[in-house]
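Colleague: Here's a structure for you.
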Amino acid sequence: MGRIAYVNGRYVPQAQAMVAIEDRGYQLGDGVYEVCEIRGGALIDEARHLARLERSLGELRMASPLAPGALTHVLREVMTRNRVQDGYVYIQVTRGVAPRDHAFPVPAVRPSLVVTAKAVDPAKGAALAAKGIKVISLPDIRWKRPDIKTIDLLPNVLARQAAKEQGAYEAWLIDADGMVTEGAASNAWIVKDKTIITHQVDRSILRGVTRTTLLDLIAAKGFRVEERRFSLEEAKAATEAFITGATTLVMPVIAIDDVVVADGRPGGLATSLRAQFHNFARATP
Ligand code: PDD
């Protein structure tokens, strides 16, 4: 069965799905997106993803493509039509189609909405988590608003490619002060003694939904947590390291730039947080 995509009001075979060449997402990167996990046929932390989508749209002064209720219906329809039980739903909104001009179109045009779903075998993530991943470090060359989840991912693309070429899974991005901001497509965490540390929420990171839910879990379990910046050096000397994201969940890091983290095996805390994650995430069928 071929995949089905939702494109501006219609469900179409993905292979035939089209957007206009003057779509501002295509020409100018003028758009935002979300990736939400599907687990056992339910969306994980849908409300938080949709709230972040609204925030991203608001920051860019873009209109919502659909009322919130209508969007949740489309997400389910795409999941069902693609028979995805485990995987991800991808939502992309761009400012719409208009003759190329950097400034916003006047009058405003209808935003473009695309929704797709993809099945992914959860056993793959589990196998990766059992082994742990390597990360490399690279300068954070992104724009100054990575807190907005825009489709402009070129620095992230280049960072992930560099990681892949070096046999790593993720790249940790380093700011001008030598501090780790986040991963190219995930949030970065370390554990020092028994304290869990992750970058505070500000304009220099994306406020990950997985990060937010994990902080709920951490609070409920009474673990010590510090939301603050940490340096690459501090990370290399950590007792554990891990990343979070909708596509990775909690994923242990076993090496940073070929420096082995602790004993080079997935950390106990990260492994336990991964195992408990879905007890704290909200699943909506
Ligand atoms: N990326 N930081 C960045 C730069 C990201 O791109 C992502 C997610 C995260 C984690 O956010 P969340 O926990 O809400 O997934 C942090 C998605 C998965 C992607 O681009 O595919």
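Ordered as shown in the structure tokens, chains take letters A, B, and onward, while each chain numbers its residues from 1 and ligands are numbered from 1 in the order shown.
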If we count only C-alpha atoms, what is near A:Val191 at a cut-off of 7 Å, once residues fewer than 5 positions away on the same chain are taken out, given as a PyMOL selection string?
Modeller: chain A and resi 196-197+238-241
Colleague: With N, CA, C and O atoms kept, could you save the residues just selected as a tab-separated table (two decimals), in the first residue's frame?
Modeller:
chain	number	residue	atom	x	y	z
A	196	ILE	N	20.99	15.52	37.28
A	196	ILE	CA	20.70	15.51	35.83
A	196	ILE	C	20.72	16.95	35.36
A	196	ILE	O	20.08	17.82	35.97
A	197	ILE	N	21.48	17.21	34.30
A	197	ILE	CA	21.69	18.59	33.85
A	197	ILE	C	21.28	18.73	32.38
A	197	ILE	O	21.66	17.91	31.54
A	238	ALA	N	31.37	13.64	32.26
A	238	ALA	CA	30.12	13.30	32.96
A	238	ALA	C	30.05	11.82	33.33
A	238	ALA	O	30.76	10.99	32.75
A	239	THR	N	29.15	11.51	34.27
A	239	THR	CA	28.95	10.10	34.62
A	239	THR	C	28.02	9.43	33.60
A	239	THR	O	28.07	8.22	33.42
A	240	GLU	N	27.14	10.24	32.99
A	240	GLU	CA	26.27	9.73	31.92
A	240	GLU	C	25.97	10.88	30.98
A	240	GLU	O	26.07	12.05	31.35
A	241	ALA	N	25.54	10.53	29.77
A	241	ALA	CA	25.04	11.54	28.84
A	241	ALA	C	23.91	10.89	28.05
A	241	ALA	O	23.89	9.68	27.86
Colleague: Name the residues in contact with A:Arg81 at a cut-off of 12 Å, using only C-alpha atoms, excluding same-chain residues fewer than 4 positions from it; report them as a short mmCIF file (atom, residue, chain, number, x, y, z; two decimals) with N, CA, C and O atoms, in the first residue's frame.
Modeller:
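Produced file around.cif, reproduced below:
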data_model
loop_
_atom_site.label_atom_id
_atom_site.label_comp_id
_atom_site.auth_asym_id
_atom_site.auth_seq_id
_atom_site.Cartn_x
_atom_site.Cartn_y
_atom_site.Cartn_z
N MET A 1 0.84 -1.20 0.00
CA MET A 1 0.00 0.00 0.00
C MET A 1 0.88 1.26 0.00
O MET A 1 1.78 1.38 0.81
N GLY A 2 0.62 2.19 -0.91
CA GLY A 2 1.40 3.43 -0.94
C GLY A 2 0.98 4.35 0.20
O GLY A 2 -0.10 4.22 0.75
N ARG A 3 1.84 5.25 0.57
CA ARG A 3 1.53 6.18 1.65
C ARG A 3 0.57 7.27 1.17
O ARG A 3 0.57 7.66 0.01
N ILE A 4 -0.22 7.76 2.11
CA ILE A 4 -1.20 8.81 1.83
C ILE A 4 -0.79 10.06 2.60
O ILE A 4 -0.46 9.97 3.79
N ALA A 5 -0.81 11.20 1.94
CA ALA A 5 -0.48 12.46 2.60
C ALA A 5 -1.70 13.38 2.60
O ALA A 5 -2.52 13.33 1.68
N TYR A 6 -1.78 14.20 3.62
CA TYR A 6 -2.79 15.27 3.63
C TYR A 6 -2.10 16.52 3.08
O TYR A 6 -1.05 16.94 3.59
N TYR A 11 -6.63 14.29 0.85
CA TYR A 11 -5.79 13.11 1.12
C TYR A 11 -5.38 12.54 -0.22
O TYR A 11 -6.23 12.17 -1.02
N VAL A 12 -4.09 12.51 -0.47
CA VAL A 12 -3.61 12.11 -1.80
C VAL A 12 -2.49 11.08 -1.67
O VAL A 12 -1.74 11.08 -0.68
N PRO A 13 -2.36 10.21 -2.67
CA PRO A 13 -1.22 9.29 -2.65
C PRO A 13 0.06 10.12 -2.56
O PRO A 13 0.24 11.08 -3.32
N GLN A 14 0.94 9.75 -1.64
CA GLN A 14 2.11 10.60 -1.38
C GLN A 14 2.98 10.77 -2.63
O GLN A 14 3.54 11.84 -2.85
N GLY A 41 -0.78 3.13 18.15
CA GLY A 41 -1.93 3.78 17.52
C GLY A 41 -2.37 5.08 18.17
O GLY A 41 -3.37 5.68 17.76
N VAL A 74 -7.32 15.58 11.37
CA VAL A 74 -6.47 15.29 10.22
C VAL A 74 -5.33 14.35 10.63
O VAL A 74 -5.00 13.39 9.92
N LEU A 75 -4.73 14.59 11.79
CA LEU A 75 -3.63 13.74 12.25
C LEU A 75 -4.09 12.28 12.34
O LEU A 75 -3.42 11.36 11.88
N ARG A 76 -5.27 12.10 12.94
CA ARG A 76 -5.79 10.73 13.09
C ARG A 76 -6.14 10.09 11.75
O ARG A 76 -5.91 8.91 11.52
N GLU A 77 -6.67 10.90 10.87
CA GLU A 77 -7.04 10.38 9.55
C GLU A 77 -5.78 9.92 8.80
O GLU A 77 -5.78 8.87 8.17
N GLN A 85 0.80 2.22 13.42
CA GLN A 85 0.61 1.93 14.84
C GLN A 85 1.76 2.51 15.66
O GLN A 85 1.57 2.99 16.77
N VAL A 115 0.52 17.03 6.07
CA VAL A 115 0.66 16.06 7.16
C VAL A 115 0.98 14.70 6.56
O VAL A 115 0.29 14.24 5.64
N THR A 116 2.02 14.07 7.07
CA THR A 116 2.37 12.71 6.63
C THR A 116 2.58 11.84 7.87
O THR A 116 2.78 12.36 8.97
N ALA A 117 2.55 10.54 7.67
CA ALA A 117 2.82 9.62 8.79
C ALA A 117 3.75 8.53 8.29
O ALA A 117 3.69 8.14 7.12
N LYS A 118 4.59 8.06 9.18
CA LYS A 118 5.58 7.05 8.80
C LYS A 118 5.65 5.99 9.88
O LYS A 118 5.72 6.32 11.07
N ALA A 119 5.63 4.74 9.46
CA ALA A 119 5.77 3.65 10.43
C ALA A 119 7.25 3.41 10.70
O ALA A 119 8.07 3.42 9.78
#
Colleague: Please extract the residues at most 9 Å from ligand 1, counting only C-alpha atoms and all ligand atoms, and provide them as a ChimeraX atom specification, using the chain letters and residue numbers of this document.
Modeller: /A:33-37,48-49,52,90,146-147,149,151,153,156,182-188,205-213,243-249
Colleague: Need to verify the contact set: stretch 22-29 of chain A, 8 Å, only C-alpha atoms, exclusion of same-chain residues closer than 6 positions in sequence. Can you return it as a PyMOL selection string?
Modeller: chain A and resi 94-100+102+112+150-152
Colleague: Residues as selected, C-alpha atoms, written as a short mmCIF file (atom, residue, chain, number, x, y, z; two decimals), in the first residue's frame, can you do that?
Modeller:
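That gives us again_30.cif:
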data_model
loop_
_atom_site.label_atom_id
_atom_site.label_comp_id
_atom_site.auth_asym_id
_atom_site.auth_seq_id
_atom_site.Cartn_x
_atom_site.Cartn_y
_atom_site.Cartn_z
CA THR A 94 4.18 27.33 5.51
CA ARG A 95 3.03 30.90 4.97
CA GLY A 96 1.45 29.88 1.69
CA VAL A 97 1.83 30.42 -2.05
CA ALA A 98 2.62 33.88 -3.43
CA PRO A 99 4.94 35.48 -6.03
CA ARG A 100 8.44 35.48 -4.58
CA HIS A 102 10.80 38.36 1.06
CA SER A 112 -0.13 25.54 3.34
CA THR A 150 11.22 26.29 11.62
CA ILE A 151 11.80 24.19 8.53
CA ASP A 152 15.12 26.02 7.92
#
Colleague: Contacts of A:Ala220 at 12 Å or less, counting only C-alpha atoms, minus same-chain residues fewer than 2 places along, as a ChimeraX atom specification?
Modeller: /A:213-218,222-225,273,276-277,279-280
Colleague: Stretch 23-258 of chain A: which residues are alpha helix (DSSP H) by DSSP, as number ranges by chain?
Modeller: A: 24-28, 46-59, 68-81, 122-131, 154-165, 209-221, 232-236
Colleague: Which residue is closest to A:Ala51? Choose from A:Val109, A:Leu232, A:Ile133, A:Leu71 and count only C-alpha atoms.
Modeller: A:Leu71
Colleague: What separation in Å, quoted to one decimal, exists between atom CA of A:Thr284 and atom CA of A:Asp45?
Modeller: 7.6 Å
Colleague: A:Gly268: which residues within 12 Å, counting only C-alpha atoms, same-chain residues fewer than 5 positions away excluded, as a VMD selection string?
Modeller: chain A and resid 129 to 130 132 191 194 239 to 242 250 to 254 262 to 263 273 to 275
Colleague: I'd like the interatomic distance between atom CA of A:Pro266 and atom CA of A:Val84, to a tenth of an Å.
Modeller: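 A separation of 29.4 Å between them.
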Colleague: Taking the DSSP assignment computed from this structure's backbone, write out as a compact mmCIF listing (two decimals) with C-alpha atoms, in the first residue's frame all residues of stretch 59-265 of chain A that belong to strand (DSSP E).
Modeller:
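After the write, selection-v2.txt holds the following:
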# COMPACT_ATOMS: atom_id res chain seq x y z
CA GLY A 87 6.12 5.74 14.13
CA TYR A 88 5.70 9.46 13.63
CA VAL A 89 3.36 12.03 12.26
CA TYR A 90 4.95 15.04 10.50
CA ILE A 91 3.12 18.37 10.33
CA GLN A 92 4.37 21.24 8.19
CA VAL A 93 2.83 24.68 7.86
CA THR A 94 4.18 27.33 5.51
CA SER A 112 -0.13 25.54 3.34
CA LEU A 113 -0.56 22.45 5.51
CA VAL A 114 1.01 19.06 4.84
CA VAL A 115 0.66 16.06 7.16
CA THR A 116 2.37 12.71 6.63
CA ALA A 117 2.82 9.62 8.79
CA LYS A 118 5.58 7.05 8.80
CA ALA A 119 5.77 3.65 10.43
CA ILE A 133 25.12 6.28 20.50
CA LYS A 134 28.14 8.42 19.74
CA VAL A 135 27.91 12.17 19.30
CA ILE A 136 30.34 14.63 17.80
CA SER A 137 30.62 18.33 18.63
CA LEU A 138 30.38 21.17 16.12
CA PRO A 139 30.03 24.95 16.36
CA GLU A 170 24.07 13.05 16.57
CA ALA A 171 26.03 16.30 16.63
CA TRP A 172 26.06 18.45 19.77
CA LEU A 173 26.16 22.13 18.93
CA ILE A 174 28.60 24.32 20.82
CA MET A 179 28.75 25.45 25.99
CA VAL A 180 26.55 22.71 24.57
CA THR A 181 23.25 24.16 23.40
CA GLU A 182 21.51 21.02 22.08
CA GLY A 183 21.75 18.35 19.40
CA ASN A 187 18.05 18.04 23.37
CA ALA A 188 21.30 17.29 25.20
CA TRP A 189 21.61 16.05 28.78
CA ILE A 190 24.38 14.95 31.12
CA VAL A 191 24.45 13.37 34.56
CA LYS A 192 27.09 14.46 37.05
CA THR A 195 22.38 15.36 39.25
CA ILE A 196 20.70 15.51 35.83
CA ILE A 197 21.69 18.59 33.85
CA THR A 198 20.18 20.08 30.69
CA ARG A 224 18.06 16.20 41.34
CA VAL A 225 17.94 18.34 38.22
CA GLU A 226 19.70 21.51 37.11
CA GLU A 227 18.50 23.47 34.10
CA PHE A 230 27.13 22.92 30.57
CA SER A 231 30.39 22.93 28.69
CA GLU A 240 26.27 9.73 31.92
CA ALA A 241 25.04 11.54 28.84
CA PHE A 242 21.91 11.19 26.75
CA ILE A 243 19.69 12.91 24.21
CA THR A 244 15.93 13.31 23.97
CA GLY A 245 13.54 13.84 21.08
CA LEU A 249 12.97 9.23 23.15
CA VAL A 250 15.70 8.95 25.79
CA MET A 251 18.82 7.73 24.01
CA PRO A 252 22.05 7.06 25.96
CA VAL A 253 25.28 8.64 24.68
CA ILE A 254 28.40 6.50 25.16
CA ALA A 255 31.03 8.71 23.47
CA ILE A 256 31.48 12.40 22.74
CA VAL A 259 35.96 10.46 24.38
CA VAL A 260 34.23 7.58 26.10
Colleague: Atom CA of A:His278 and atom CA of A:Ala235, how far apart in Å?
Modeller: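 Interatomic distance, atom CA of A:Ala235 to atom CA of A:His278: 26.3 Å.
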